[in-house]
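Trainee: Submitted below is the structure of interest, expressed as structure tokens.
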Amino acid sequence: MKIAVGSDHAGFEFKKIVIAWLERNGYEVSDMGPFNEDSVDYPDYARKVAVAVADGNCDSGVLLCGTGIGVSIAANKIPGIRAALACRPEFATLARQHNNANIICFSARFTDEATIDQSLHNWFTAEFEGGRHEKRVNKIEPCC
Ligand code: RB5
């Protein structure tokens, strides 16, 4: 599986931790930047990751910014993207099981490495449950 990863400057250090976890666990990583801690705008990187996932070039994505909120909002503007902000590991599980999310977003300023590791584990082991959740997910579409 190929995973797109991106952040802004606030998420830059944690992005390295995410990439290390992914590589340790056998995933191919497409690092969409940034590549240093200079101040950048999170929508630029959220868009890169979201487009890679929406186009099918990557299987899913991981995004980080200070709160995780900005990258979530920006990624969800790309049709076909369901980006979920995981504030705790259980959110990562449920985002997959109930929402069939295809991008997981983290706060770099309000989390720790253990939480991100556990969230990534949950994210990649949980599966979409379909059924009543599929009907609901299918209703999440641009309407105008
Ligand atoms: C950058 O300072 C910060 O605004 C950004 O990382 C993010 O938290 C936005 O949602």
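How things are named: the first chain in the structure tokens is A, the next is B, and so on; residues count from 1 in each chain; ligands count from 1 in the order shown.
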Taking only residues of chain A that have an atom at most 9 Å from an atom of ligand 1, what is each one's shortest atom pair and its distance in Å to one decimal, using only C-alpha atoms and all ligand atoms, in chain and number order, as a tab-separated table?

Mentor:
residue	atom	partner	partner_atom_place_in_ligand_line	distance
A:Ser7	CA	ligand 1	6 (O)	8.1
A:Asp8	CA	ligand 1	6 (O)	6.0
A:His9	CA	ligand 1	6 (O)	6.8
A:Ala10	CA	ligand 1	6 (O)	4.9
A:Gly11	CA	ligand 1	6 (O)	6.7
A:Ser39	CA	ligand 1	1 (C)	8.1
A:Val40	CA	ligand 1	1 (C)	8.3
A:Asp41	CA	ligand 1	1 (C)	7.8
A:Tyr42	CA	ligand 1	5 (C)	6.5
A:Pro43	CA	ligand 1	9 (C)	9.0
A:Leu64	CA	ligand 1	6 (O)	7.7
A:Cys65	CA	ligand 1	6 (O)	3.9
A:Gly66	CA	ligand 1	8 (O)	3.3
A:Thr67	CA	ligand 1	8 (O)	4.0
A:Gly68	CA	ligand 1	10 (O)	5.8
A:Ile69	CA	ligand 1	10 (O)	4.6
A:Gly70	CA	ligand 1	10 (O)	3.2
A:Val71	CA	ligand 1	10 (O)	6.3
A:Ser72	CA	ligand 1	10 (O)	8.2
A:Ile73	CA	ligand 1	10 (O)	8.3
A:Ser107	CA	ligand 1	8 (O)	7.3
A:Ala108	CA	ligand 1	6 (O)	7.9
A:Arg109	CA	ligand 1	8 (O)	7.9

Trainee: Those selected residues, please, written with all heavy atoms and delivered as a compact mmCIF listing (two decimals), in the first residue's frame.

Mentor:
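Okay, again26.txt is ready:
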# COMPACT_ATOMS: atom_id res chain seq x y z
N SER A 7 2.08 17.70 5.66
CA SER A 7 1.87 18.49 6.89
C SER A 7 2.05 19.96 6.55
O SER A 7 2.20 20.33 5.38
CB SER A 7 2.89 18.07 7.97
OG SER A 7 4.18 18.54 7.64
N ASP A 8 2.06 20.79 7.59
CA ASP A 8 2.60 22.13 7.45
C ASP A 8 3.82 22.20 8.36
O ASP A 8 4.31 21.17 8.84
CB ASP A 8 1.53 23.20 7.75
CG ASP A 8 1.11 23.23 9.21
OD1 ASP A 8 1.57 22.36 9.99
OD2 ASP A 8 0.33 24.13 9.58
N HIS A 9 4.32 23.42 8.62
CA HIS A 9 5.52 23.54 9.46
C HIS A 9 5.27 23.01 10.87
O HIS A 9 6.14 22.40 11.48
CB HIS A 9 5.96 25.01 9.53
CG HIS A 9 4.85 25.95 9.88
ND1 HIS A 9 3.85 26.28 8.97
CD2 HIS A 9 4.55 26.59 11.03
CE1 HIS A 9 3.00 27.11 9.55
NE2 HIS A 9 3.40 27.31 10.80
N ALA A 10 4.03 23.20 11.38
CA ALA A 10 3.73 22.76 12.74
C ALA A 10 3.75 21.23 12.83
O ALA A 10 4.06 20.66 13.89
CB ALA A 10 2.37 23.29 13.18
N GLY A 11 3.43 20.57 11.74
CA GLY A 11 3.38 19.11 11.74
C GLY A 11 4.66 18.46 11.25
O GLY A 11 4.76 17.23 11.23
N SER A 39 7.88 28.26 7.50
CA SER A 39 6.43 28.44 7.57
C SER A 39 5.79 28.25 6.19
O SER A 39 6.26 28.82 5.19
CB SER A 39 6.14 29.85 8.10
OG SER A 39 4.75 30.01 8.24
N VAL A 40 4.76 27.44 6.15
CA VAL A 40 4.03 27.18 4.90
C VAL A 40 2.53 27.24 5.18
O VAL A 40 2.11 27.37 6.34
CB VAL A 40 4.39 25.78 4.31
CG1 VAL A 40 5.83 25.74 3.84
CG2 VAL A 40 4.11 24.67 5.32
N ASP A 41 1.74 27.12 4.14
CA ASP A 41 0.28 27.17 4.28
C ASP A 41 -0.29 25.77 4.17
O ASP A 41 -0.14 25.10 3.14
CB ASP A 41 -0.31 28.06 3.19
CG ASP A 41 0.22 29.49 3.27
OD1 ASP A 41 0.52 29.94 4.41
OD2 ASP A 41 0.37 30.13 2.22
N TYR A 42 -0.98 25.35 5.23
CA TYR A 42 -1.45 23.95 5.28
C TYR A 42 -2.36 23.55 4.11
O TYR A 42 -2.33 22.38 3.70
CB TYR A 42 -2.13 23.64 6.63
CG TYR A 42 -3.33 24.49 6.95
CD1 TYR A 42 -4.58 24.19 6.42
CD2 TYR A 42 -3.22 25.61 7.76
CE1 TYR A 42 -5.68 24.98 6.68
CE2 TYR A 42 -4.32 26.41 8.03
CZ TYR A 42 -5.55 26.09 7.50
OH TYR A 42 -6.63 26.88 7.75
N PRO A 43 -3.17 24.46 3.51
CA PRO A 43 -4.03 23.99 2.40
C PRO A 43 -3.22 23.45 1.21
O PRO A 43 -3.69 22.54 0.50
CB PRO A 43 -4.83 25.23 2.00
CG PRO A 43 -4.83 26.09 3.23
CD PRO A 43 -3.46 25.86 3.85
N LEU A 64 -0.96 16.26 8.85
CA LEU A 64 -0.75 16.86 10.17
C LEU A 64 -0.63 18.37 10.06
O LEU A 64 0.00 18.88 9.13
CB LEU A 64 0.54 16.35 10.81
CG LEU A 64 0.72 14.85 10.92
CD1 LEU A 64 1.66 14.34 9.85
CD2 LEU A 64 1.23 14.47 12.30
N CYS A 65 -1.21 19.07 11.02
CA CYS A 65 -0.92 20.49 11.21
C CYS A 65 -0.99 20.74 12.72
O CYS A 65 -1.05 19.79 13.50
CB CYS A 65 -1.83 21.39 10.39
SG CYS A 65 -3.57 21.40 10.84
N GLY A 66 -0.99 22.00 13.12
CA GLY A 66 -0.95 22.28 14.55
C GLY A 66 -2.10 21.62 15.30
O GLY A 66 -1.90 20.88 16.26
N THR A 67 -3.30 21.85 14.83
CA THR A 67 -4.48 21.24 15.46
C THR A 67 -4.99 20.03 14.70
O THR A 67 -5.78 19.25 15.25
CB THR A 67 -5.64 22.25 15.49
OG1 THR A 67 -5.89 22.66 14.14
CG2 THR A 67 -5.31 23.45 16.36
N GLY A 68 -4.64 19.91 13.45
CA GLY A 68 -5.25 18.89 12.57
C GLY A 68 -6.53 19.39 11.92
O GLY A 68 -7.04 18.77 10.99
N ILE A 69 -7.01 20.54 12.40
CA ILE A 69 -8.30 21.05 11.89
C ILE A 69 -8.13 21.62 10.48
O ILE A 69 -8.92 21.33 9.57
CB ILE A 69 -8.87 22.11 12.84
CG1 ILE A 69 -9.22 21.47 14.20
CG2 ILE A 69 -10.10 22.78 12.24
CD1 ILE A 69 -9.61 22.48 15.28
N GLY A 70 -7.10 22.43 10.29
CA GLY A 70 -6.91 23.08 8.99
C GLY A 70 -6.75 22.07 7.86
O GLY A 70 -7.40 22.19 6.81
N VAL A 71 -5.90 21.07 8.08
CA VAL A 71 -5.69 20.09 7.00
C VAL A 71 -6.96 19.27 6.76
O VAL A 71 -7.24 18.88 5.62
CB VAL A 71 -4.48 19.16 7.27
CG1 VAL A 71 -3.16 19.90 7.06
CG2 VAL A 71 -4.54 18.51 8.65
N SER A 72 -7.74 19.02 7.82
CA SER A 72 -9.00 18.27 7.63
C SER A 72 -9.96 19.06 6.75
O SER A 72 -10.53 18.52 5.80
CB SER A 72 -9.71 18.02 8.97
OG SER A 72 -8.86 17.49 9.92
N ILE A 73 -10.14 20.33 7.09
CA ILE A 73 -11.06 21.17 6.32
C ILE A 73 -10.62 21.24 4.86
O ILE A 73 -11.42 21.07 3.93
CB ILE A 73 -11.15 22.58 6.93
CG1 ILE A 73 -11.81 22.53 8.31
CG2 ILE A 73 -11.91 23.53 6.00
CD1 ILE A 73 -11.74 23.85 9.08
N SER A 107 -3.35 16.25 15.04
CA SER A 107 -2.80 17.47 15.62
C SER A 107 -1.38 17.19 16.07
O SER A 107 -1.14 16.24 16.83
CB SER A 107 -3.64 17.88 16.84
OG SER A 107 -2.88 18.76 17.66
N ALA A 108 -0.45 18.04 15.62
CA ALA A 108 0.93 17.86 16.08
C ALA A 108 1.16 18.55 17.41
O ALA A 108 2.09 18.21 18.13
CB ALA A 108 1.89 18.42 15.02
N ARG A 109 0.33 19.53 17.73
CA ARG A 109 0.57 20.31 18.96
C ARG A 109 -0.17 19.77 20.17
O ARG A 109 0.09 20.19 21.28
CB ARG A 109 0.18 21.78 18.72
CG ARG A 109 1.11 22.47 17.75
CD ARG A 109 0.85 23.96 17.65
NE ARG A 109 1.86 24.61 16.80
CZ ARG A 109 1.61 25.59 15.95
NH1 ARG A 109 0.38 26.06 15.83
NH2 ARG A 109 2.58 26.11 15.25

Trainee: Just list the residues in chain A DSSP gives strand (DSSP E) on the backbone, as a list of chain:residue names.

Mentor: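 Strand (DSSP E) members of chain A, listed: A:Lys2, A:Ile3, A:Ala4, A:Val5, A:Gly6, A:Ser7, A:Glu28, A:Val29, A:Ser30, A:Asp31, A:Ser60, A:Gly61, A:Val62, A:Leu63, A:Leu64, A:Cys65, A:Ala83, A:Ala84, A:Leu85, A:Ile103, A:Ile104, A:Cys105, A:Phe106, A:Ser107.
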
Trainee: Find, counting only C-alpha atoms, the residue in A:Phe35, A:Tyr45, A:Phe106, A:Trp21 that gets nearest to Phe124 in chain A.

Mentor: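 Under the stated criterion, the closest residue is A:Trp21.
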
Trainee: So that I can check the surroundings of Arg82 in chain A, please list as a PDB file with C-alpha atoms, in the first residue's frame every protein, DNA and RNA residue that reaches within 9 Å of it, counting only C-alpha atoms and ignoring chain neighbours fewer than 5 positions away.

Mentor:
ATOM      1  CA  SER A  72      -9.000  18.275   7.633  1.00  0.00           C
ATOM      2  CA  ALA A  75      -8.600  17.937   2.353  1.00  0.00           C
ATOM      3  CA  ASN A  76     -12.360  17.529   2.568  1.00  0.00           C
ATOM      4  CA  ASN A  99     -16.995   6.703   7.901  1.00  0.00           C
ATOM      5  CA  ASN A 100     -14.745   4.822   5.471  1.00  0.00           C
ATOM      6  CA  ALA A 101     -12.355   7.746   5.829  1.00  0.00           C
ATOM      7  CA  ASN A 102      -9.495   7.729   3.355  1.00  0.00           C
ATOM      8  CA  ILE A 103      -7.296  10.340   5.037  1.00  0.00           C
ATOM      9  CA  ILE A 104      -6.462  10.526   8.713  1.00  0.00           C
ATOM     10  CA  ILE A 140     -21.828  12.591   1.753  1.00  0.00           C
TER      11      ILE A 140
END

Trainee: How many Å lie between CA of Pro142 in chain A and CA of Asp31 in chain A, rounded to one decimal?

Mentor: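 Separating CA of Pro142 in chain A from CA of Asp31 in chain A is a distance of 28.1 Å.
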
Trainee: Determine which residues of chain A DSSP labels as alpha helix (DSSP H) from the backbone of this structure, then write them out as a ChimeraX atom specification.

Mentor: /A:12-24,42-54,69-75,89-97,113-125,132-138

Trainee: Using only C-alpha atoms for the distances, tell me which of A:Ala20, A:Ile3, A:Pro34, A:His98 is nearest to Lys135 in chain A.

Mentor: A:His98
